[in-house]
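Source file data35.tsv; content: TSV, C-alpha atoms.
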```
chain	number	residue	atom	x	y	z
I	72	MET	CA	-47.54	-78.82	70.81
I	73	ASP	CA	-50.34	-78.24	68.33
I	74	ILE	CA	-53.42	-76.99	70.16
I	75	PHE	CA	-55.61	-78.06	67.23
I	76	SER	CA	-54.59	-81.75	67.43
I	77	GLU	CA	-57.01	-84.45	68.55
I	78	GLU	CA	-55.52	-84.37	72.05
I	79	THR	CA	-57.08	-81.81	74.35
I	80	PRO	CA	-54.38	-79.30	75.23
I	81	SER	CA	-53.61	-78.71	78.85
I	82	LEU	CA	-54.31	-75.42	80.59
I	83	ASP	CA	-50.60	-74.66	80.71
I	84	VAL	CA	-50.29	-75.06	76.95
I	85	ILE	CA	-53.29	-72.84	76.35
I	86	MET	CA	-51.92	-70.21	78.70
I	87	ALA	CA	-48.47	-70.34	77.08
I	88	TYR	CA	-50.00	-70.05	73.62
I	89	SER	CA	-52.22	-67.17	74.69
I	90	ILE	CA	-49.31	-65.33	76.24
I	91	ASP	CA	-47.19	-65.92	73.16
I	92	MET	CA	-49.96	-64.72	70.84
I	93	GLY	CA	-50.65	-61.75	73.08
I	94	LEU	CA	-47.00	-60.72	73.04
I	95	THR	CA	-46.95	-61.14	69.27
I	96	LEU	CA	-50.03	-58.94	68.87
I	97	LEU	CA	-48.61	-56.40	71.32
I	98	GLY	CA	-45.32	-56.34	69.42
I	99	ALA	CA	-47.14	-55.98	66.10
I	100	PHE	CA	-49.25	-53.16	67.52
I	101	PHE	CA	-46.10	-51.45	68.79
I	102	VAL	CA	-44.38	-51.85	65.39
I	103	LEU	CA	-47.48	-50.43	63.68
I	104	LEU	CA	-47.63	-47.39	65.96
I	105	VAL	CA	-43.92	-46.69	65.67
I	106	GLY	CA	-43.98	-47.18	61.88
I	107	LEU	CA	-46.95	-44.85	61.36
I	108	TRP	CA	-45.48	-42.22	63.70
I	109	PHE	CA	-42.10	-42.40	61.99
I	110	ALA	CA	-43.71	-42.19	58.53
I	111	GLY	CA	-45.57	-39.02	59.53
I	112	PHE	CA	-42.44	-37.60	61.17
I	113	VAL	CA	-40.35	-38.21	58.02
I	114	GLU	CA	-43.04	-36.64	55.82
I	115	ARG	CA	-43.19	-33.49	57.95
I	116	ARG	CA	-39.41	-33.18	58.17
I	117	LEU	CA	-38.98	-33.62	54.41
I	118	GLU	CA	-41.70	-31.06	53.66
I	119	ALA	CA	-40.03	-28.55	55.99
I	120	LEU	CA	-36.62	-29.27	54.46
I	121	PHE	CA	-37.85	-28.88	50.88
I	122	ALA	CA	-39.79	-25.72	51.77
I	123	LYS	CA	-36.52	-24.05	52.79
I	124	SER	CA	-34.89	-24.85	49.44
I	125	GLU	CA	-35.39	-22.33	46.65
I	126	LYS	CA	-34.37	-24.89	44.02
I	127	ILE	CA	-37.12	-27.43	44.79
I	128	ASP	CA	-40.68	-26.68	43.72
I	129	ASP	CA	-43.47	-27.10	46.29
I	130	THR	CA	-45.11	-29.76	44.11
I	131	VAL	CA	-41.93	-31.83	43.97
I	132	GLY	CA	-41.28	-31.32	47.68
I	133	SER	CA	-44.75	-32.59	48.57
I	134	PHE	CA	-44.40	-35.52	46.16
I	135	LEU	CA	-41.02	-36.61	47.53
I	136	ALA	CA	-42.21	-36.25	51.13
I	137	SER	CA	-45.26	-38.42	50.40
I	138	LEU	CA	-43.03	-40.93	48.63
I	139	GLY	CA	-40.83	-41.22	51.73
I	140	LYS	CA	-43.89	-41.62	53.96
I	141	TYR	CA	-45.42	-44.46	51.92
I	142	ALA	CA	-42.06	-46.21	51.57
I	143	ILE	CA	-41.82	-46.38	55.37
I	144	ILE	CA	-45.43	-47.60	55.60
I	145	VAL	CA	-44.63	-50.42	53.14
I	146	PHE	CA	-41.61	-51.50	55.20
I	147	THR	CA	-43.77	-51.32	58.34
I	148	GLY	CA	-46.30	-53.66	56.71
I	149	ILE	CA	-43.55	-56.12	55.82
I	150	ALA	CA	-42.25	-55.98	59.41
I	151	LEU	CA	-45.78	-56.68	60.71
I	152	LEU	CA	-46.09	-59.76	58.52
I	153	GLY	CA	-42.72	-60.89	59.83
I	154	GLN	CA	-44.09	-60.63	63.38
I	155	PHE	CA	-46.71	-63.27	62.52
I	156	GLY	CA	-44.22	-65.65	60.94
I	157	VAL	CA	-44.86	-64.78	57.30
I	158	GLU	CA	-41.81	-65.38	55.09
I	159	THR	CA	-41.04	-61.79	54.06
I	160	THR	CA	-38.16	-62.69	51.74
I	161	SER	CA	-40.46	-64.29	49.19
I	162	LEU	CA	-43.01	-61.51	49.71
I	163	VAL	CA	-40.40	-58.84	48.92
I	164	ALA	CA	-39.44	-60.79	45.79
I	165	VAL	CA	-43.09	-60.94	44.66
I	166	VAL	CA	-43.59	-57.22	45.34
I	167	GLY	CA	-40.36	-56.44	43.47
I	168	ALA	CA	-41.43	-58.52	40.47
I	169	ALA	CA	-44.84	-56.86	40.46
I	170	GLY	CA	-43.21	-53.45	40.67
I	171	LEU	CA	-40.94	-54.31	37.74
I	172	ALA	CA	-43.90	-55.46	35.64
I	173	ILE	CA	-45.85	-52.31	36.46
I	174	GLY	CA	-42.79	-50.17	35.70
I	175	LEU	CA	-42.38	-51.76	32.27
I	176	ALA	CA	-46.09	-51.35	31.52
I	177	LEU	CA	-45.99	-47.68	32.53
I	178	GLN	CA	-42.57	-46.90	31.09
I	179	GLY	CA	-43.74	-43.85	29.16
I	180	THR	CA	-45.72	-42.48	32.09
I	181	LEU	CA	-42.86	-43.02	34.51
I	182	SER	CA	-40.41	-41.32	32.15
I	183	ASN	CA	-42.72	-38.30	32.06
I	184	LEU	CA	-42.88	-38.39	35.85
I	185	ALA	CA	-39.08	-38.54	36.16
I	186	ALA	CA	-38.71	-35.71	33.64
I	187	GLY	CA	-41.30	-33.65	35.55
I	188	VAL	CA	-39.35	-34.09	38.78
I	189	MET	CA	-36.15	-32.99	37.04
I	190	LEU	CA	-37.88	-29.93	35.56
I	191	LEU	CA	-39.28	-28.91	38.93
I	192	ILE	CA	-35.94	-29.42	40.70
I	193	PHE	CA	-33.60	-27.74	38.21
I	194	ARG	CA	-36.13	-25.18	36.92
I	195	PRO	CA	-34.82	-24.37	33.43
I	196	PHE	CA	-37.91	-22.16	33.14
I	197	LYS	CA	-40.69	-20.85	35.36
I	198	ILE	CA	-44.37	-20.13	34.96
I	199	GLY	CA	-44.87	-16.89	33.04
I	200	GLN	CA	-41.64	-17.11	31.03
I	201	PHE	CA	-41.57	-17.29	27.24
I	202	VAL	CA	-39.70	-20.39	26.08
I	203	GLU	CA	-39.09	-22.57	23.04
I	204	VAL	CA	-39.09	-26.32	23.72
I	205	ALA	CA	-39.66	-29.44	21.61
I	206	GLY	CA	-40.18	-27.28	18.51
I	207	GLN	CA	-42.92	-25.21	20.19
I	208	SER	CA	-42.79	-21.72	21.65
I	209	GLY	CA	-45.06	-19.95	24.08
I	210	THR	CA	-45.59	-18.62	27.60
I	211	VAL	CA	-45.42	-21.29	30.29
I	212	LYS	CA	-48.73	-21.58	32.13
I	213	ALA	CA	-48.34	-24.75	34.21
I	214	ILE	CA	-45.67	-27.33	35.08
I	215	SER	CA	-47.00	-30.59	36.53
I	216	LEU	CA	-45.31	-33.90	37.22
I	217	PHE	CA	-46.41	-35.30	33.86
I	218	MET	CA	-46.83	-32.42	31.39
I	219	THR	CA	-46.04	-28.78	30.67
I	220	LYS	CA	-48.70	-26.37	29.40
I	221	MET	CA	-47.92	-23.28	27.30
I	222	ASP	CA	-49.93	-20.60	25.50
I	223	THR	CA	-48.66	-19.40	22.12
I	224	ALA	CA	-48.53	-15.75	21.10
I	225	ASP	CA	-51.91	-16.19	19.35
I	226	ASN	CA	-53.39	-17.73	22.53
I	227	VAL	CA	-53.36	-21.40	21.56
I	228	ARG	CA	-52.86	-23.86	24.42
I	229	ILE	CA	-50.05	-26.41	23.87
I	230	THR	CA	-49.62	-29.41	26.18
I	231	ILE	CA	-46.25	-31.19	25.94
I	232	PRO	CA	-45.27	-34.41	27.79
I	233	ASN	CA	-42.44	-33.68	30.20
I	234	ASN	CA	-40.26	-36.38	28.64
I	235	SER	CA	-40.25	-34.39	25.36
I	236	VAL	CA	-39.52	-31.15	27.21
I	237	TRP	CA	-36.61	-32.51	29.26
I	238	GLY	CA	-35.16	-34.39	26.28
I	239	SER	CA	-34.95	-31.33	24.00
I	240	ALA	CA	-33.01	-28.07	23.93
I	241	ILE	CA	-34.76	-25.35	25.94
I	242	ARG	CA	-34.56	-21.70	24.90
I	243	ASN	CA	-35.66	-19.38	27.70
I	244	PHE	CA	-36.17	-15.86	26.38
I	245	ASN	CA	-36.89	-14.38	29.82
I	246	HIS	CA	-34.17	-16.03	31.88
I	247	HIS	CA	-31.96	-12.90	31.87
I	248	GLU	CA	-33.21	-9.44	32.73
I	249	ILE	CA	-31.69	-7.87	29.61
I	250	ARG	CA	-31.37	-9.01	25.99
I	251	ARG	CA	-29.48	-7.83	22.93
I	252	LEU	CA	-31.53	-6.53	20.02
I	253	GLN	CA	-29.98	-6.72	16.54
I	254	ILE	CA	-31.36	-4.99	13.45
I	255	VAL	CA	-29.77	-4.69	10.00
I	256	TYR	CA	-30.63	-1.69	7.81
I	257	GLY	CA	-29.79	-1.74	4.10
I	258	ILE	CA	-28.97	1.61	2.47
I	259	SER	CA	-28.11	2.53	-1.08
I	260	TYR	CA	-24.52	2.57	-2.32
I	261	SER	CA	-24.98	6.22	-3.25
I	262	ASP	CA	-26.07	7.26	0.28
I	263	ASN	CA	-23.82	8.76	2.93
I	264	ILE	CA	-22.98	5.97	5.35
I	265	ASP	CA	-21.93	8.26	8.21
I	266	LYS	CA	-25.17	10.22	7.91
I	267	ALA	CA	-27.21	7.04	8.07
I	268	MET	CA	-25.28	5.86	11.13
I	269	ASP	CA	-25.83	9.25	12.83
I	270	ILE	CA	-29.58	8.91	12.25
I	271	ILE	CA	-29.59	5.46	13.82
I	272	ARG	CA	-27.45	6.66	16.72
I	273	ALA	CA	-29.87	9.55	17.39
I	274	ALA	CA	-32.87	7.22	17.36
I	275	ILE	CA	-31.17	4.97	19.93
I	276	ALA	CA	-30.19	7.91	22.15
I	277	ALA	CA	-33.75	9.26	22.10
I	278	ASP	CA	-35.28	6.03	23.37
I	279	GLU	CA	-34.89	5.43	27.13
I	280	ARG	CA	-35.42	1.70	26.66
I	281	CYS	CA	-32.00	1.45	24.98
I	282	LEU	CA	-29.41	0.77	27.66
I	283	LYS	CA	-26.19	2.77	27.79
I	284	GLU	CA	-24.31	-0.25	29.15
I	285	PRO	CA	-23.45	-2.47	27.41
I	286	GLU	CA	-22.71	0.19	24.81
I	287	PRO	CA	-24.72	0.07	21.55
I	288	VAL	CA	-22.83	-1.02	18.42
I	289	ILE	CA	-23.41	0.42	14.94
I	290	ALA	CA	-21.25	-0.94	12.14
I	291	VAL	CA	-21.19	-1.80	8.44
I	292	THR	CA	-21.33	-5.57	8.28
I	293	SER	CA	-21.47	-6.35	4.56
I	294	LEU	CA	-21.66	-4.98	1.06
I	295	GLY	CA	-24.64	-6.73	-0.43
I	296	GLU	CA	-25.75	-7.12	-4.01
I	297	SER	CA	-27.93	-4.01	-3.88
I	298	SER	CA	-27.27	-2.41	-0.48
I	299	VAL	CA	-24.73	-1.48	2.15
I	300	ASP	CA	-25.81	-3.33	5.32
I	301	VAL	CA	-25.57	-1.37	8.57
I	302	MET	CA	-25.94	-3.51	11.68
I	303	VAL	CA	-27.29	-2.18	14.99
I	304	ARG	CA	-26.81	-3.99	18.29
I	305	VAL	CA	-28.46	-2.49	21.35
I	306	TRP	CA	-29.27	-3.90	24.78
I	307	CYS	CA	-32.63	-3.53	26.51
I	308	ALA	CA	-34.80	-5.09	29.21
I	309	SER	CA	-36.19	-8.47	28.13
I	310	SER	CA	-39.73	-7.15	28.57
I	311	ASP	CA	-39.01	-4.29	26.11
I	312	PHE	CA	-37.44	-6.44	23.38
I	313	TRP	CA	-40.23	-6.62	20.81
I	314	ALA	CA	-41.70	-3.17	21.47
I	315	LEU	CA	-38.25	-1.60	21.01
I	316	ASN	CA	-37.59	-3.67	17.90
I	317	TRP	CA	-40.77	-2.47	16.21
I	318	HIS	CA	-40.23	1.13	17.34
I	319	LEU	CA	-36.68	1.35	15.98
I	320	LEU	CA	-37.67	-0.16	12.65
I	321	LYS	CA	-40.41	2.43	12.18
I	322	THR	CA	-38.50	5.42	13.57
I	323	VAL	CA	-35.29	4.85	11.60
I	324	LYS	CA	-37.24	4.23	8.38
I	325	GLU	CA	-39.10	7.53	8.81
I	326	GLU	CA	-35.84	9.40	9.55
I	327	PHE	CA	-34.19	7.82	6.51
I	328	ASP	CA	-37.08	9.07	4.34
I	329	ALA	CA	-36.84	12.56	5.84
I	330	ASN	CA	-33.09	12.73	5.15
I	331	ASP	CA	-33.08	11.19	1.66
I	332	ILE	CA	-31.50	7.92	2.82
I	333	SER	CA	-32.95	5.19	0.65
I	334	ILE	CA	-33.52	1.53	1.38
I	335	PRO	CA	-32.99	0.02	-2.06
I	336	PHE	CA	-34.88	-2.81	-3.69
I	337	PRO	CA	-32.92	-5.66	-5.25
I	338	CYS	CA	-32.24	-4.84	-8.88
I	339	ARG	CA	-30.72	-6.52	-11.91
I	340	THR	CA	-29.09	-5.02	-14.99
I	341	ILE	CA	-30.09	-6.94	-18.10
I	342	TYR	CA	-28.15	-6.57	-21.34
I	343	LYS	CA	-29.89	-7.42	-24.60
I	344	GLY	CA	-27.68	-9.31	-26.98
I	345	ASP	CA	-27.38	-8.62	-30.68
```
Go ahead and render the structure in this file as structure tokens.
Amino acid sequence: MDIFSEETPSLDVIMAYSIDMGLTLLGAFFVLLVGLWFAGFVERRLEALFAKSEKIDDTVGSFLASLGKYAIIVFTGIALLGQFGVETTSLVAVVGAAGLAIGLALQGTLSNLAAGVMLLIFRPFKIGQFVEVAGQSGTVKAISLFMTKMDTADNVRITIPNNSVWGSAIRNFNHHEIRRLQIVYGISYSDNIDKAMDIIRAAIAADERCLKEPEPVIAVTSLGESSVDVMVRVWCASSDFWALNWHLLKTVKEEFDANDISIPFPCRTIYKGD
């Protein structure tokens, strides 16, 4: 019976309606409490679970935990509306359509967000490492959910959207503890090749940054137009790569000069016709 009709409802009807409404409110209150408690419980459990994983960044762990919490709160809200007789099927359809429209409008932003999550989960590079991504190179300074920040060797800040980072090849120069250094020295055809190789070998042996294992390689790689090319391959710690490269270039050049080993310039022989 409708209590708002022209007929005055009886006391029994009012009591029945009040009890029914009270039970509905009590049930809704119970659903709200349980939903909020469960949302907080899931958030805490997910944060603890992600904190134990070495592969998941703290930022991503916190983001995913919050995402789980708010998803449960949304479902709790829908359940509350259902308690009061609201047709939740149509409401879910409206929310889904709105979510789709928002997703299409923010497609670029969401792609950066998804790429940021992937970067933080799989960690192809870490803060402090020197990398080359999306045609840019520098030291990684920050990795957020939407962008990656790097500083170049000349201290210029570069900010790259995560979608561009994740969608390109990534060269991480500090991923491994050691790297192979390769230098090619050109000597004159009239110079003693073995003597030049001994000079290079002595320079490598004298520098503690050159690793004994893997063993250094010194070999003639090509006979160029104006020089015999001697290639040197030596392994060193990644942090010593450039300093060792510059040191060997200078040291070997000085030893070549002291031992009459020349580094020839390109030359051409020109014959004058009659």
Against stretch 309-329 of chain I, which residues of stretch 172-245 of chain I fall within 12 Å? For each one I want the closest pair of atoms and the distance in Å (one decimal), counting all atoms listed in the file, rows by chain and increasing residue number, as a tab-separated table.
```
residue	atom	partner	partner_atom	distance
I:Gly199	CA	I:Ser310	CA	11.9
I:Gln200	CA	I:Ser310	CA	10.4
I:Phe201	CA	I:Ser309	CA	10.4
I:Asn243	CA	I:Ser309	CA	10.9
I:Phe244	CA	I:Ser309	CA	7.6
I:Asn245	CA	I:Ser309	CA	6.2
```
Resulting file, chosen residues, C-alpha atoms, as a PDB file, in the frame of the given file:
```
ATOM      1  CA  GLY I 199     -44.870 -16.890  33.040  1.00  0.00           C
ATOM      2  CA  GLN I 200     -41.640 -17.110  31.030  1.00  0.00           C
ATOM      3  CA  PHE I 201     -41.570 -17.290  27.240  1.00  0.00           C
ATOM      4  CA  ASN I 243     -35.660 -19.380  27.700  1.00  0.00           C
ATOM      5  CA  PHE I 244     -36.170 -15.860  26.380  1.00  0.00           C
ATOM      6  CA  ASN I 245     -36.890 -14.380  29.820  1.00  0.00           C
TER       7      ASN I 245
END
```
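Atom CA of I:Val305 is positioned 6.4 Å from atom CA of I:Cys281.
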Quiz item: Contacts of I:Arg251 at 7 Å or less, counting only C-alpha atoms, minus same-chain residues fewer than 4 places along, as an MDAnalysis selection string?
Solution: chainID I and resid 304:307
Selected residues written out, C-alpha atoms, as a compact mmCIF listing (two decimals), in the frame of the given file:
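Once written, again_29.txt looks like this:
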```txt
# COMPACT_ATOMS: atom_id res chain seq x y z
CA ARG I 304 -26.81 -3.99 18.29
CA VAL I 305 -28.46 -2.49 21.35
CA TRP I 306 -29.27 -3.90 24.78
CA CYS I 307 -32.63 -3.53 26.51
```
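Between atom CA of I:Ile258 and atom CA of I:Glu286 there is a distance of 23.2 Å.
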Self-check item: Local residues around (-23.4, -4.0, 8.0), at most 8 Å away, using all atoms listed in the file, as a list in words
Solution: Val255, Tyr256, Gly257, Ala290, Val291, Thr292, Ser293, Leu294, Val299, Asp300, Val301 and Met302 of chain I
Restrict the selected residues to C-alpha atoms and save them as a tab-separated table (two decimals), in the frame of the given file.
```tsv
chain	number	residue	atom	x	y	z
I	255	VAL	CA	-29.77	-4.69	10.00
I	256	TYR	CA	-30.63	-1.69	7.81
I	257	GLY	CA	-29.79	-1.74	4.10
I	290	ALA	CA	-21.25	-0.94	12.14
I	291	VAL	CA	-21.19	-1.80	8.44
I	292	THR	CA	-21.33	-5.57	8.28
I	293	SER	CA	-21.47	-6.35	4.56
I	294	LEU	CA	-21.66	-4.98	1.06
I	299	VAL	CA	-24.73	-1.48	2.15
I	300	ASP	CA	-25.81	-3.33	5.32
I	301	VAL	CA	-25.57	-1.37	8.57
I	302	MET	CA	-25.94	-3.51	11.68
```
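Remark: for I:Val303, the closest of the candidate residues I:Lys266, I:Leu252, I:Gln207, I:Asp278 is I:Leu252 (distances computed over all atoms listed in the file).
Distance annotation: of I:Ala119, I:Ala273, I:Val113, I:Ala205, the residue with the minimal separation from I:Leu138 is I:Val113; atom set is only C-alpha atoms.
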Quiz item: Which residues come within 10 Å of I:Val202, counting all atoms listed in the file, excluding same-chain residues fewer than 5 positions away, as an NGL selection string?
Solution: :I and (195-197 or 207-211 or 221 or 223 or 241-246)
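Distance-wise, atom CA of I:Thr147 and atom CA of I:Phe101 end up 10.7 Å apart.
Using only C-alpha atoms, the smallest distance between any of I:Gly111, I:Val102, I:Ile289, I:Ser297 and I:Asp269 comes from I:Ile289.
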Give, as lines of an AutoDock Vina configuration file, the centre coordinates and the x, y and z edge lengths in Å to one decimal for an axis-aligned box around all listed atoms of stretch 118-121 of chain I, padded by 3 Å on each side.
```
center_x = -39.2
center_y = -29.8
center_z = 53.4
size_x = 11.1
size_y = 8.5
size_z = 11.1
```
Quiz item: From the set I:Gly98, I:Ile275, I:Ala308, I:Phe121, which residue has the shortest atom-to-atom contact distance to I:His247, counting all atoms listed in the file?
Solution: I:Ala308
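Taking all atoms listed in the file, the non-local environment of I:Leu104 within 12 Å (same-chain residues fewer than 5 positions away omitted) comprises Leu97, Gly98, Ala99, Phe109, Ala110, Gly111, Ile144, Thr147, Gly148 and Leu151 of chain I.
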Exercise. For stretch 212-214 of chain I, work out the shell of residues within 12 Å, counting all atoms listed in the file and skipping chain neighbours fewer than 5 positions away, then give it as a PyMOL selection string.
Key: chain I and resi 128-131+183-184+186-192+194-202+219-223+226-233+236-237
